[in-house]
Each structure stands twice: as structure tokens, then as C-alpha cells.
file entry09.txt (compact mmCIF, N, CA and C atoms)
# COMPACT_ATOMS: atom_id res chain seq x y z
N MET A 441 0.21 -28.72 0.23
CA MET A 441 0.18 -27.49 -0.54
C MET A 441 -0.27 -26.34 0.35
N ILE A 442 0.39 -25.21 0.22
CA ILE A 442 0.06 -24.03 1.01
C ILE A 442 -1.23 -23.40 0.46
N ASP A 443 -2.05 -22.89 1.35
CA ASP A 443 -3.29 -22.24 0.95
C ASP A 443 -3.01 -20.95 0.21
N THR A 444 -3.96 -20.55 -0.60
CA THR A 444 -3.95 -19.22 -1.20
C THR A 444 -4.92 -18.38 -0.39
N ILE A 445 -4.44 -17.23 0.04
CA ILE A 445 -5.20 -16.39 0.95
C ILE A 445 -5.54 -15.05 0.29
N PHE A 446 -6.57 -14.40 0.81
CA PHE A 446 -6.92 -13.07 0.33
C PHE A 446 -7.42 -12.24 1.49
N ALA A 447 -7.28 -10.92 1.33
CA ALA A 447 -7.77 -9.99 2.34
C ALA A 447 -7.76 -8.57 1.79
N LEU A 448 -8.60 -7.74 2.34
CA LEU A 448 -8.53 -6.32 2.05
C LEU A 448 -7.27 -5.79 2.70
N SER A 449 -6.39 -5.18 1.92
CA SER A 449 -5.14 -4.70 2.50
C SER A 449 -5.12 -3.19 2.66
N SER A 450 -6.15 -2.52 2.16
CA SER A 450 -6.26 -1.08 2.35
C SER A 450 -7.15 -0.83 3.56
N GLY A 451 -7.45 0.41 3.80
CA GLY A 451 -8.31 0.75 4.93
C GLY A 451 -9.73 0.24 4.74
N ALA A 452 -10.46 0.25 5.82
CA ALA A 452 -11.84 -0.25 5.81
C ALA A 452 -12.73 0.65 4.94
N PRO A 453 -13.66 0.02 4.22
CA PRO A 453 -14.60 0.81 3.41
C PRO A 453 -15.54 1.61 4.29
N PRO A 454 -16.12 2.66 3.77
CA PRO A 454 -15.98 3.14 2.41
C PRO A 454 -14.72 3.96 2.24
N ALA A 455 -14.16 3.87 1.05
CA ALA A 455 -12.97 4.62 0.66
C ALA A 455 -13.00 4.78 -0.85
N ALA A 456 -12.15 5.63 -1.38
CA ALA A 456 -12.11 5.80 -2.83
C ALA A 456 -11.65 4.51 -3.50
N ILE A 457 -10.63 3.88 -2.93
CA ILE A 457 -10.06 2.65 -3.49
C ILE A 457 -9.96 1.61 -2.38
N GLY A 458 -10.27 0.38 -2.72
CA GLY A 458 -10.07 -0.75 -1.82
C GLY A 458 -9.14 -1.73 -2.51
N VAL A 459 -8.03 -2.05 -1.86
CA VAL A 459 -7.05 -2.97 -2.45
C VAL A 459 -7.22 -4.34 -1.79
N VAL A 460 -7.56 -5.32 -2.61
CA VAL A 460 -7.68 -6.70 -2.15
C VAL A 460 -6.45 -7.45 -2.65
N ARG A 461 -5.74 -8.07 -1.73
CA ARG A 461 -4.54 -8.84 -2.08
C ARG A 461 -4.85 -10.32 -2.01
N VAL A 462 -4.23 -11.06 -2.93
CA VAL A 462 -4.31 -12.51 -2.97
C VAL A 462 -2.88 -13.03 -3.03
N SER A 463 -2.55 -14.02 -2.20
CA SER A 463 -1.19 -14.55 -2.18
C SER A 463 -1.20 -16.06 -2.05
N GLY A 464 -0.39 -16.71 -2.88
CA GLY A 464 -0.27 -18.16 -2.82
C GLY A 464 -0.30 -18.77 -4.22
N PRO A 465 -0.23 -20.09 -4.27
CA PRO A 465 -0.09 -20.78 -5.56
C PRO A 465 -1.29 -20.64 -6.50
N ARG A 466 -2.46 -20.30 -5.99
CA ARG A 466 -3.64 -20.17 -6.85
C ARG A 466 -4.00 -18.70 -7.13
N ALA A 467 -3.07 -17.79 -6.82
CA ALA A 467 -3.33 -16.36 -7.04
C ALA A 467 -3.58 -16.06 -8.51
N GLY A 468 -2.76 -16.60 -9.38
CA GLY A 468 -2.94 -16.36 -10.81
C GLY A 468 -4.25 -16.92 -11.33
N ALA A 469 -4.61 -18.11 -10.88
CA ALA A 469 -5.88 -18.71 -11.29
C ALA A 469 -7.05 -17.87 -10.80
N ALA A 470 -6.92 -17.29 -9.60
CA ALA A 470 -7.98 -16.45 -9.07
C ALA A 470 -8.15 -15.20 -9.93
N LEU A 471 -7.04 -14.58 -10.31
CA LEU A 471 -7.11 -13.39 -11.15
C LEU A 471 -7.72 -13.74 -12.51
N ALA A 472 -7.29 -14.84 -13.10
CA ALA A 472 -7.85 -15.25 -14.39
C ALA A 472 -9.35 -15.51 -14.28
N ALA A 473 -9.78 -16.09 -13.16
CA ALA A 473 -11.21 -16.38 -12.98
C ALA A 473 -12.03 -15.09 -12.89
N LEU A 474 -11.51 -14.08 -12.22
CA LEU A 474 -12.25 -12.84 -12.05
C LEU A 474 -12.09 -11.88 -13.22
N ALA A 475 -10.88 -11.83 -13.81
CA ALA A 475 -10.57 -10.81 -14.82
C ALA A 475 -10.48 -11.37 -16.24
N GLY A 476 -10.60 -12.67 -16.41
CA GLY A 476 -10.60 -13.26 -17.74
C GLY A 476 -9.25 -13.75 -18.23
N ALA A 477 -8.19 -13.10 -17.85
CA ALA A 477 -6.85 -13.50 -18.27
C ALA A 477 -5.84 -12.76 -17.40
N LEU A 478 -4.63 -13.29 -17.37
CA LEU A 478 -3.57 -12.62 -16.62
C LEU A 478 -2.96 -11.49 -17.45
N PRO A 479 -2.81 -10.32 -16.84
CA PRO A 479 -2.08 -9.26 -17.54
C PRO A 479 -0.58 -9.56 -17.49
N LYS A 480 0.20 -8.76 -18.17
CA LYS A 480 1.66 -8.90 -18.09
C LYS A 480 2.08 -8.69 -16.63
N PRO A 481 3.06 -9.46 -16.16
CA PRO A 481 3.50 -9.29 -14.78
C PRO A 481 3.98 -7.86 -14.49
N ARG A 482 3.61 -7.38 -13.32
CA ARG A 482 4.05 -6.09 -12.79
C ARG A 482 3.61 -4.90 -13.62
N ARG A 483 2.51 -5.07 -14.34
CA ARG A 483 1.93 -3.98 -15.13
C ARG A 483 0.46 -3.84 -14.75
N ALA A 484 0.09 -2.64 -14.32
CA ALA A 484 -1.32 -2.41 -13.98
C ALA A 484 -2.17 -2.50 -15.25
N SER A 485 -3.30 -3.14 -15.12
CA SER A 485 -4.20 -3.34 -16.25
C SER A 485 -5.64 -3.10 -15.78
N LEU A 486 -6.40 -2.34 -16.56
CA LEU A 486 -7.80 -2.08 -16.24
C LEU A 486 -8.64 -3.25 -16.73
N ARG A 487 -9.37 -3.88 -15.82
CA ARG A 487 -10.16 -5.07 -16.16
C ARG A 487 -11.54 -5.01 -15.52
N HIS A 488 -12.49 -5.68 -16.16
CA HIS A 488 -13.80 -5.91 -15.56
C HIS A 488 -13.68 -7.17 -14.72
N LEU A 489 -14.04 -7.09 -13.45
CA LEU A 489 -14.05 -8.25 -12.57
C LEU A 489 -15.45 -8.84 -12.59
N ARG A 490 -15.51 -10.17 -12.77
CA ARG A 490 -16.80 -10.85 -12.85
C ARG A 490 -16.80 -12.04 -11.90
N ASP A 491 -17.98 -12.33 -11.37
CA ASP A 491 -18.10 -13.49 -10.48
C ASP A 491 -18.24 -14.76 -11.32
N GLY A 492 -18.43 -15.89 -10.67
CA GLY A 492 -18.51 -17.18 -11.34
C GLY A 492 -19.68 -17.30 -12.30
N ASP A 493 -20.71 -16.48 -12.12
CA ASP A 493 -21.87 -16.48 -13.01
C ASP A 493 -21.72 -15.47 -14.15
N GLY A 494 -20.61 -14.75 -14.16
CA GLY A 494 -20.38 -13.75 -15.20
C GLY A 494 -20.92 -12.37 -14.89
N ALA A 495 -21.49 -12.19 -13.70
CA ALA A 495 -22.02 -10.88 -13.32
C ALA A 495 -20.87 -9.92 -13.02
N LEU A 496 -21.01 -8.69 -13.49
CA LEU A 496 -19.99 -7.67 -13.28
C LEU A 496 -19.91 -7.30 -11.80
N LEU A 497 -18.71 -7.37 -11.24
CA LEU A 497 -18.48 -6.97 -9.85
C LEU A 497 -17.98 -5.53 -9.77
N ASP A 498 -17.02 -5.19 -10.65
CA ASP A 498 -16.40 -3.87 -10.63
C ASP A 498 -15.47 -3.75 -11.82
N GLU A 499 -15.09 -2.53 -12.12
CA GLU A 499 -13.99 -2.27 -13.05
C GLU A 499 -12.81 -1.85 -12.18
N ALA A 500 -11.70 -2.55 -12.30
CA ALA A 500 -10.60 -2.37 -11.36
C ALA A 500 -9.25 -2.41 -12.06
N LEU A 501 -8.26 -1.79 -11.43
CA LEU A 501 -6.88 -1.97 -11.85
C LEU A 501 -6.39 -3.25 -11.19
N VAL A 502 -5.79 -4.12 -11.98
CA VAL A 502 -5.29 -5.38 -11.43
C VAL A 502 -3.80 -5.49 -11.69
N LEU A 503 -3.11 -6.14 -10.76
CA LEU A 503 -1.68 -6.41 -10.91
C LEU A 503 -1.42 -7.87 -10.66
N TRP A 504 -0.61 -8.46 -11.52
CA TRP A 504 -0.16 -9.85 -11.39
C TRP A 504 1.31 -9.79 -11.04
N LEU A 505 1.65 -10.25 -9.84
CA LEU A 505 3.01 -10.17 -9.30
C LEU A 505 3.53 -11.58 -9.06
N THR A 506 4.53 -11.97 -9.82
CA THR A 506 5.06 -13.32 -9.69
C THR A 506 6.11 -13.39 -8.60
N GLY A 507 6.06 -14.48 -7.82
CA GLY A 507 7.05 -14.71 -6.77
C GLY A 507 8.35 -15.17 -7.39
N PRO A 508 9.43 -15.13 -6.68
CA PRO A 508 9.50 -14.80 -5.25
C PRO A 508 9.70 -13.32 -4.95
N GLY A 509 9.74 -12.47 -5.96
CA GLY A 509 10.01 -11.06 -5.73
C GLY A 509 8.79 -10.25 -5.35
N THR A 510 8.01 -10.75 -4.41
CA THR A 510 6.82 -10.04 -3.93
C THR A 510 6.91 -9.84 -2.43
N ALA A 511 5.95 -9.14 -1.89
CA ALA A 511 5.95 -8.87 -0.44
C ALA A 511 5.94 -10.15 0.38
N THR A 512 5.25 -11.19 -0.09
CA THR A 512 5.18 -12.44 0.66
C THR A 512 6.17 -13.49 0.17
N GLY A 513 6.80 -13.23 -0.98
CA GLY A 513 7.68 -14.23 -1.58
C GLY A 513 6.92 -15.24 -2.41
N GLU A 514 5.61 -15.06 -2.55
CA GLU A 514 4.75 -15.96 -3.30
C GLU A 514 4.16 -15.20 -4.48
N ASP A 515 3.52 -15.93 -5.40
CA ASP A 515 2.74 -15.26 -6.43
C ASP A 515 1.65 -14.45 -5.73
N MET A 516 1.42 -13.23 -6.24
CA MET A 516 0.44 -12.34 -5.62
C MET A 516 -0.38 -11.63 -6.68
N VAL A 517 -1.56 -11.23 -6.29
CA VAL A 517 -2.46 -10.42 -7.10
C VAL A 517 -2.90 -9.24 -6.24
N GLU A 518 -3.01 -8.09 -6.87
CA GLU A 518 -3.64 -6.94 -6.22
C GLU A 518 -4.80 -6.49 -7.09
N LEU A 519 -5.95 -6.32 -6.48
CA LEU A 519 -7.15 -5.83 -7.13
C LEU A 519 -7.45 -4.46 -6.55
N HIS A 520 -7.26 -3.42 -7.34
CA HIS A 520 -7.50 -2.05 -6.89
C HIS A 520 -8.92 -1.68 -7.34
N CYS A 521 -9.86 -1.94 -6.45
CA CYS A 521 -11.29 -1.79 -6.75
C CYS A 521 -11.79 -0.45 -6.24
N HIS A 522 -13.03 -0.13 -6.62
CA HIS A 522 -13.70 0.97 -5.95
C HIS A 522 -13.90 0.54 -4.50
N GLY A 523 -13.80 1.48 -3.57
CA GLY A 523 -13.75 1.12 -2.16
C GLY A 523 -15.05 1.13 -1.40
N GLY A 524 -16.16 0.98 -2.09
CA GLY A 524 -17.45 0.91 -1.39
C GLY A 524 -17.62 -0.44 -0.70
N ARG A 525 -18.41 -0.46 0.34
CA ARG A 525 -18.62 -1.70 1.11
C ARG A 525 -19.17 -2.83 0.24
N ALA A 526 -20.16 -2.52 -0.61
CA ALA A 526 -20.78 -3.55 -1.43
C ALA A 526 -19.80 -4.10 -2.47
N VAL A 527 -18.98 -3.24 -3.04
CA VAL A 527 -18.00 -3.69 -4.04
C VAL A 527 -17.00 -4.63 -3.40
N ILE A 528 -16.43 -4.23 -2.28
CA ILE A 528 -15.43 -5.06 -1.60
C ILE A 528 -16.05 -6.38 -1.16
N ALA A 529 -17.25 -6.32 -0.61
CA ALA A 529 -17.92 -7.55 -0.17
C ALA A 529 -18.17 -8.49 -1.34
N ALA A 530 -18.56 -7.96 -2.49
CA ALA A 530 -18.83 -8.79 -3.66
C ALA A 530 -17.55 -9.43 -4.19
N VAL A 531 -16.47 -8.67 -4.24
CA VAL A 531 -15.19 -9.21 -4.71
C VAL A 531 -14.69 -10.29 -3.75
N GLU A 532 -14.76 -10.03 -2.46
CA GLU A 532 -14.33 -11.03 -1.48
C GLU A 532 -15.20 -12.29 -1.55
N ALA A 533 -16.50 -12.11 -1.74
CA ALA A 533 -17.39 -13.27 -1.84
C ALA A 533 -17.05 -14.11 -3.07
N ALA A 534 -16.74 -13.46 -4.18
CA ALA A 534 -16.36 -14.18 -5.40
C ALA A 534 -15.05 -14.94 -5.19
N LEU A 535 -14.10 -14.32 -4.50
CA LEU A 535 -12.83 -15.00 -4.22
C LEU A 535 -13.04 -16.20 -3.32
N GLU A 536 -13.90 -16.04 -2.33
CA GLU A 536 -14.13 -17.11 -1.37
C GLU A 536 -14.75 -18.35 -2.02
N LEU A 537 -15.45 -18.16 -3.12
CA LEU A 537 -16.07 -19.28 -3.82
C LEU A 537 -15.10 -20.03 -4.74
N LEU A 538 -13.93 -19.46 -4.99
CA LEU A 538 -12.97 -20.11 -5.87
C LEU A 538 -12.26 -21.25 -5.13
N PRO A 539 -12.00 -22.35 -5.82
CA PRO A 539 -11.35 -23.48 -5.16
C PRO A 539 -9.93 -23.13 -4.68
N GLY A 540 -9.63 -23.54 -3.45
CA GLY A 540 -8.30 -23.35 -2.91
C GLY A 540 -8.02 -21.99 -2.32
N LEU A 541 -9.01 -21.11 -2.27
CA LEU A 541 -8.83 -19.78 -1.67
C LEU A 541 -9.58 -19.69 -0.36
N ARG A 542 -9.02 -18.90 0.55
CA ARG A 542 -9.68 -18.63 1.82
C ARG A 542 -9.26 -17.25 2.30
N ARG A 543 -10.06 -16.71 3.21
CA ARG A 543 -9.72 -15.42 3.82
C ARG A 543 -8.46 -15.58 4.68
N ALA A 544 -7.61 -14.58 4.63
CA ALA A 544 -6.40 -14.59 5.45
C ALA A 544 -6.76 -14.32 6.91
N ARG A 545 -6.02 -14.95 7.78
CA ARG A 545 -6.13 -14.65 9.21
C ARG A 545 -5.32 -13.39 9.49
N PRO A 546 -5.64 -12.68 10.58
CA PRO A 546 -4.87 -11.46 10.90
C PRO A 546 -3.38 -11.75 10.98
N GLY A 547 -2.59 -10.94 10.30
CA GLY A 547 -1.14 -11.07 10.32
C GLY A 547 -0.57 -12.15 9.42
N GLU A 548 -1.42 -12.84 8.67
CA GLU A 548 -0.95 -13.97 7.87
C GLU A 548 -0.06 -13.54 6.69
N PHE A 549 -0.34 -12.42 6.08
CA PHE A 549 0.54 -11.94 5.00
C PHE A 549 1.93 -11.65 5.55
N THR A 550 1.98 -11.02 6.71
CA THR A 550 3.26 -10.72 7.35
C THR A 550 3.99 -12.00 7.74
N ARG A 551 3.28 -12.98 8.28
CA ARG A 551 3.91 -14.26 8.64
C ARG A 551 4.51 -14.93 7.42
N ARG A 552 3.82 -14.87 6.30
CA ARG A 552 4.36 -15.47 5.08
C ARG A 552 5.60 -14.72 4.59
N ALA A 553 5.56 -13.41 4.68
CA ALA A 553 6.73 -12.62 4.30
C ALA A 553 7.93 -12.99 5.16
N PHE A 554 7.73 -13.16 6.45
CA PHE A 554 8.81 -13.55 7.36
C PHE A 554 9.28 -14.97 7.05
N ALA A 555 8.35 -15.89 6.89
CA ALA A 555 8.69 -17.30 6.64
C ALA A 555 9.45 -17.47 5.33
N ASN A 556 9.16 -16.61 4.36
CA ASN A 556 9.81 -16.70 3.05
C ASN A 556 11.03 -15.80 2.92
N GLY A 557 11.49 -15.25 4.05
CA GLY A 557 12.72 -14.46 4.05
C GLY A 557 12.60 -13.09 3.41
N ARG A 558 11.40 -12.58 3.23
CA ARG A 558 11.22 -11.27 2.63
C ARG A 558 11.43 -10.15 3.64
N ILE A 559 11.17 -10.43 4.92
CA ILE A 559 11.44 -9.49 6.00
C ILE A 559 12.02 -10.26 7.17
N ASP A 560 12.80 -9.56 8.00
CA ASP A 560 13.36 -10.22 9.18
C ASP A 560 12.50 -9.92 10.40
N LEU A 561 12.89 -10.45 11.54
CA LEU A 561 12.09 -10.30 12.75
C LEU A 561 11.92 -8.84 13.15
N ALA A 562 12.99 -8.06 13.05
CA ALA A 562 12.89 -6.64 13.41
C ALA A 562 11.91 -5.91 12.49
N GLU A 563 11.96 -6.22 11.21
CA GLU A 563 11.01 -5.60 10.27
C GLU A 563 9.58 -6.04 10.55
N THR A 564 9.42 -7.30 10.93
CA THR A 564 8.10 -7.81 11.28
C THR A 564 7.53 -7.05 12.47
N GLU A 565 8.35 -6.88 13.49
CA GLU A 565 7.90 -6.14 14.67
C GLU A 565 7.65 -4.67 14.35
N GLY A 566 8.52 -4.07 13.53
CA GLY A 566 8.34 -2.68 13.12
C GLY A 566 7.05 -2.48 12.34
N LEU A 567 6.75 -3.43 11.45
CA LEU A 567 5.51 -3.35 10.67
C LEU A 567 4.29 -3.45 11.58
N ALA A 568 4.33 -4.37 12.53
CA ALA A 568 3.22 -4.50 13.48
C ALA A 568 3.03 -3.20 14.26
N ASP A 569 4.13 -2.61 14.69
CA ASP A 569 4.05 -1.34 15.43
C ASP A 569 3.51 -0.22 14.55
N LEU A 570 3.94 -0.18 13.29
CA LEU A 570 3.48 0.86 12.37
C LEU A 570 1.99 0.74 12.10
N LEU A 571 1.51 -0.48 11.92
CA LEU A 571 0.10 -0.69 11.62
C LEU A 571 -0.81 -0.35 12.79
N THR A 572 -0.28 -0.42 14.01
CA THR A 572 -1.10 -0.10 15.19
C THR A 572 -0.79 1.28 15.77
N ALA A 573 0.12 2.02 15.14
CA ALA A 573 0.51 3.35 15.65
C ALA A 573 -0.70 4.28 15.64
N GLU A 574 -0.88 4.99 16.76
CA GLU A 574 -1.97 5.95 16.87
C GLU A 574 -1.47 7.37 17.05
N THR A 575 -0.20 7.53 17.36
CA THR A 575 0.35 8.87 17.56
C THR A 575 1.54 9.07 16.62
N GLU A 576 1.92 10.31 16.45
CA GLU A 576 3.07 10.64 15.61
C GLU A 576 4.35 10.02 16.17
N LEU A 577 4.51 10.03 17.48
CA LEU A 577 5.70 9.43 18.09
C LEU A 577 5.74 7.93 17.84
N GLN A 578 4.62 7.25 17.98
CA GLN A 578 4.58 5.81 17.69
C GLN A 578 4.91 5.53 16.23
N ARG A 579 4.39 6.34 15.33
CA ARG A 579 4.68 6.17 13.91
C ARG A 579 6.17 6.32 13.63
N ARG A 580 6.78 7.38 14.18
CA ARG A 580 8.22 7.61 13.96
C ARG A 580 9.05 6.49 14.57
N ASN A 581 8.68 6.04 15.75
CA ASN A 581 9.43 4.93 16.38
C ASN A 581 9.33 3.66 15.56
N ALA A 582 8.16 3.36 15.05
CA ALA A 582 7.99 2.15 14.23
C ALA A 582 8.83 2.21 12.97
N LEU A 583 8.92 3.37 12.36
CA LEU A 583 9.71 3.51 11.13
C LEU A 583 11.21 3.46 11.38
N SER A 584 11.61 3.71 12.62
CA SER A 584 13.05 3.70 12.92
C SER A 584 13.60 2.30 13.18
N LEU A 585 12.73 1.29 13.31
CA LEU A 585 13.19 -0.07 13.56
C LEU A 585 13.83 -0.67 12.35
call {"tool": "encode", "arguments": {"input": "entry09.txt", "output": "C-alpha cells"}}
result
Amino acid sequence: MIDTIFALSSGAPPAAIGVVRVSGPRAGAALAALAGALPKPRRASLRHLRDGDGALLDEALVLWLTGPGTATGEDMVELHCHGGRAVIAAVEAALELLPGLRRARPGEFTRRAFANGRIDLAETEGLADLLTAETELQRRNALSL
């Protein structure tokens, strides 16, 4: 069975919003554990996120995205939390305690997208270039791939 992974997919905190993505077969179970129930697929829903002890972590917009029509080709969850360091750390810690979930390794979401035919090699390389672009010329070149 393939692992279910999670990672902060937005910029590093602090920020107004921090987006934590979860991808894999246990993504739905993870969302249900934190938010109480799955919302309708592909519809943003405002939910209270709670840890395993029931303590409030944050109030967040959550999305339940069923595969294969997702960025990775797998079931996915997006948690649009407040972007403070403590909030993101608490949400990630709660996810890490759930069975079958682990932190994603660098580039693992992109590798899954490629492996599942969601992006091709050129798009994979273009995305890597875009994410590391530091100048306007690098950004434009990455988008042209």
C-alpha cells in the first residue's frame, strides 16, 4: 500500500494562510479525523480542526478532492489554515500522529503526479524550475516549458 503523505504546500510561516496538503489512500480518513466528517467533494467548507484529544487546532477552509482528477492523481485534502507557525506546527503534529500518514519528502508530491500521469517530464522539470526561480527571467523561462 502506498503511504499517505502531507506537507505545507504554501510559503513558510508566518503568512496569512498556510495550505497543508495530504495525498494518498488515507487522505479522507485524515480529514475526517481532524474535521469530523468529509465535506462534499471539491467544495470548500469551513471546519474546526481538532487533534486526537479533541483540542481545537484552528478554524480552516477544507477541501476533499477525490482522485484520480487531482494534482497527484490520488485522493487529496487541502487544509487552508491560518498561517502562523504554531498553527501549522499543531496541524502537522496532529497529522503525523494519525495511522498511515507521514511527512512528504521534498519533491514527493511532484513525483506522484509524474508517476500517476498527471504531468509529463517536461512539466516536472518546468515546475522544479518555477519553484526555484529567483529572477523574472527564470520565472518566464520556467513557465515557457
call {"tool": "residues_around", "arguments": {"input": "entry09.txt", "residues": "A:Ala456", "least_positions_apart": "4", "cutoff": "6 Å", "atoms": "all atoms listed in the file", "output": "PyMOL selection string"}}
result
chain A and resi 521-524
call {"tool": "closest_residue", "arguments": {"input": "entry09.txt", "among": "A:Ala511, A:Leu583, A:Ala484, A:Ile528", "to": "A:Ser463", "atoms": "only C-alpha atoms"}}
result
A:Ala511
call {"tool": "closest_residue", "arguments": {"input": "entry09.txt", "among": "A:Asp498, A:Glu532, A:Ala472, A:His488", "to": "A:Leu448", "atoms": "all atoms listed in the file"}}
result
A:Glu532
call {"tool": "atom_distance", "arguments": {"input": "entry09.txt", "atom1": "atom N of A:Asn556", "atom2": "atom N of A:Leu519"}}
result
21.3 Å
call {"tool": "residues_around", "arguments": {"input": "entry09.txt", "residues": "stretch 457-462 of chain A", "least_positions_apart": "2", "cutoff": "6.5 Å", "atoms": "only N, CA and C atoms", "output": "CSV table (one decimal) with N, CA and C atoms, in the frame of the given file"}}
result
chain,number,residue,atom,x,y,z
A,444,THR,N,-4.0,-20.6,-0.6
A,444,THR,CA,-4.0,-19.2,-1.2
A,444,THR,C,-4.9,-18.4,-0.4
A,445,ILE,N,-4.4,-17.2,0.0
A,445,ILE,CA,-5.2,-16.4,1.0
A,445,ILE,C,-5.5,-15.0,0.3
A,446,PHE,N,-6.6,-14.4,0.8
A,446,PHE,CA,-6.9,-13.1,0.3
A,446,PHE,C,-7.4,-12.2,1.5
A,447,ALA,N,-7.3,-10.9,1.3
A,447,ALA,CA,-7.8,-10.0,2.3
A,447,ALA,C,-7.8,-8.6,1.8
A,448,LEU,N,-8.6,-7.7,2.3
A,448,LEU,CA,-8.5,-6.3,2.0
A,448,LEU,C,-7.3,-5.8,2.7
A,449,SER,N,-6.4,-5.2,1.9
A,449,SER,CA,-5.1,-4.7,2.5
A,449,SER,C,-5.1,-3.2,2.7
A,450,SER,N,-6.2,-2.5,2.2
A,450,SER,CA,-6.3,-1.1,2.4
A,450,SER,C,-7.2,-0.8,3.6
A,451,GLY,N,-7.4,0.4,3.8
A,451,GLY,CA,-8.3,0.8,4.9
A,451,GLY,C,-9.7,0.2,4.7
A,455,ALA,N,-14.2,3.9,1.0
A,455,ALA,CA,-13.0,4.6,0.7
A,455,ALA,C,-13.0,4.8,-0.8
A,464,GLY,N,-0.4,-16.7,-2.9
A,464,GLY,CA,-0.3,-18.2,-2.8
A,464,GLY,C,-0.3,-18.8,-4.2
A,467,ALA,N,-3.1,-17.8,-6.8
A,467,ALA,CA,-3.3,-16.4,-7.0
A,467,ALA,C,-3.6,-16.1,-8.5
A,515,ASP,N,3.5,-15.9,-5.4
A,515,ASP,CA,2.7,-15.3,-6.4
A,515,ASP,C,1.6,-14.4,-5.7
A,516,MET,N,1.4,-13.2,-6.2
A,516,MET,CA,0.4,-12.3,-5.6
A,516,MET,C,-0.4,-11.6,-6.7
A,517,VAL,N,-1.6,-11.2,-6.3
A,517,VAL,CA,-2.5,-10.4,-7.1
A,517,VAL,C,-2.9,-9.2,-6.2
A,518,GLU,N,-3.0,-8.1,-6.9
A,518,GLU,CA,-3.6,-6.9,-6.2
A,518,GLU,C,-4.8,-6.5,-7.1
A,519,LEU,N,-6.0,-6.3,-6.5
A,519,LEU,CA,-7.2,-5.8,-7.1
A,519,LEU,C,-7.4,-4.5,-6.6
A,520,HIS,N,-7.3,-3.4,-7.3
A,520,HIS,CA,-7.5,-2.0,-6.9
A,520,HIS,C,-8.9,-1.7,-7.3
A,521,CYS,N,-9.9,-1.9,-6.4
A,521,CYS,CA,-11.3,-1.8,-6.8
A,521,CYS,C,-11.8,-0.4,-6.2
A,522,HIS,N,-13.0,-0.1,-6.6
A,522,HIS,CA,-13.7,1.0,-6.0
A,522,HIS,C,-13.9,0.5,-4.5
A,523,GLY,N,-13.8,1.5,-3.6
A,523,GLY,CA,-13.8,1.1,-2.2
A,523,GLY,C,-15.0,1.1,-1.4
A,524,GLY,N,-16.2,1.0,-2.1
A,524,GLY,CA,-17.4,0.9,-1.4
A,524,GLY,C,-17.6,-0.4,-0.7
call {"tool": "residues_around", "arguments": {"input": "entry09.txt", "residues": "A:Ala473", "least_positions_apart": "3", "cutoff": "8 Å", "atoms": "only C-alpha atoms", "output": "ChimeraX atom specification"}}
result
/A:469-470,476-477,490-492
call {"tool": "closest_residue", "arguments": {"input": "entry09.txt", "among": "A:Asp569, A:Pro465, A:Lys480, A:Asp443", "to": "A:Arg545", "atoms": "only C-alpha atoms"}}
result
A:Asp443
call {"tool": "select_by_dssp", "arguments": {"input": "entry09.txt", "residues": "stretch 448-544 of chain A", "states": "alpha helix (DSSP H)", "output": "VMD selection string"}}
result
chain A and resid 467 to 475 525 to 536
call {"tool": "atom_distance", "arguments": {"input": "entry09.txt", "atom1": "atom N of A:Ala533", "atom2": "atom C of A:Ile442"}}
result
19.1 Å
call {"tool": "closest_residue", "arguments": {"input": "entry09.txt", "among": "A:Glu563, A:Leu497, A:Arg482, A:Gln578", "to": "A:Ala529", "atoms": "only C-alpha atoms"}}
result
A:Leu497
call {"tool": "atom_distance", "arguments": {"input": "entry09.txt", "atom1": "atom CA of A:Leu541", "atom2": "atom CA of A:Ala553"}}
result
18.1 Å
call {"tool": "closest_residue", "arguments": {"input": "entry09.txt", "among": "A:Arg483, A:Arg542, A:Arg466, A:Arg525", "to": "A:Ala452", "atoms": "only N, CA and C atoms"}}
result
A:Arg525
call {"tool": "residues_near_point", "arguments": {"input": "entry09.txt", "point": "(-0.2, -7.0, 6.7)", "cutoff": "9 Å", "atoms": "only C-alpha atoms", "output": "NGL selection string"}}
result
:A and (449 or 546-551 or 567-568 or 571)
call {"tool": "closest_residue", "arguments": {"input": "entry09.txt", "among": "A:Phe554, A:Glu565, A:Leu501, A:Gly540", "to": "A:Glu514", "atoms": "only C-alpha atoms"}}
result
A:Phe554
call {"tool": "select_by_dssp", "arguments": {"input": "entry09.txt", "residues": "stretch 454-554 of chain A", "states": "strand (DSSP E or B)", "output": "PyMOL selection string"}}
result
chain A and resi 455-463+485-490+496-505+516-523+541-543
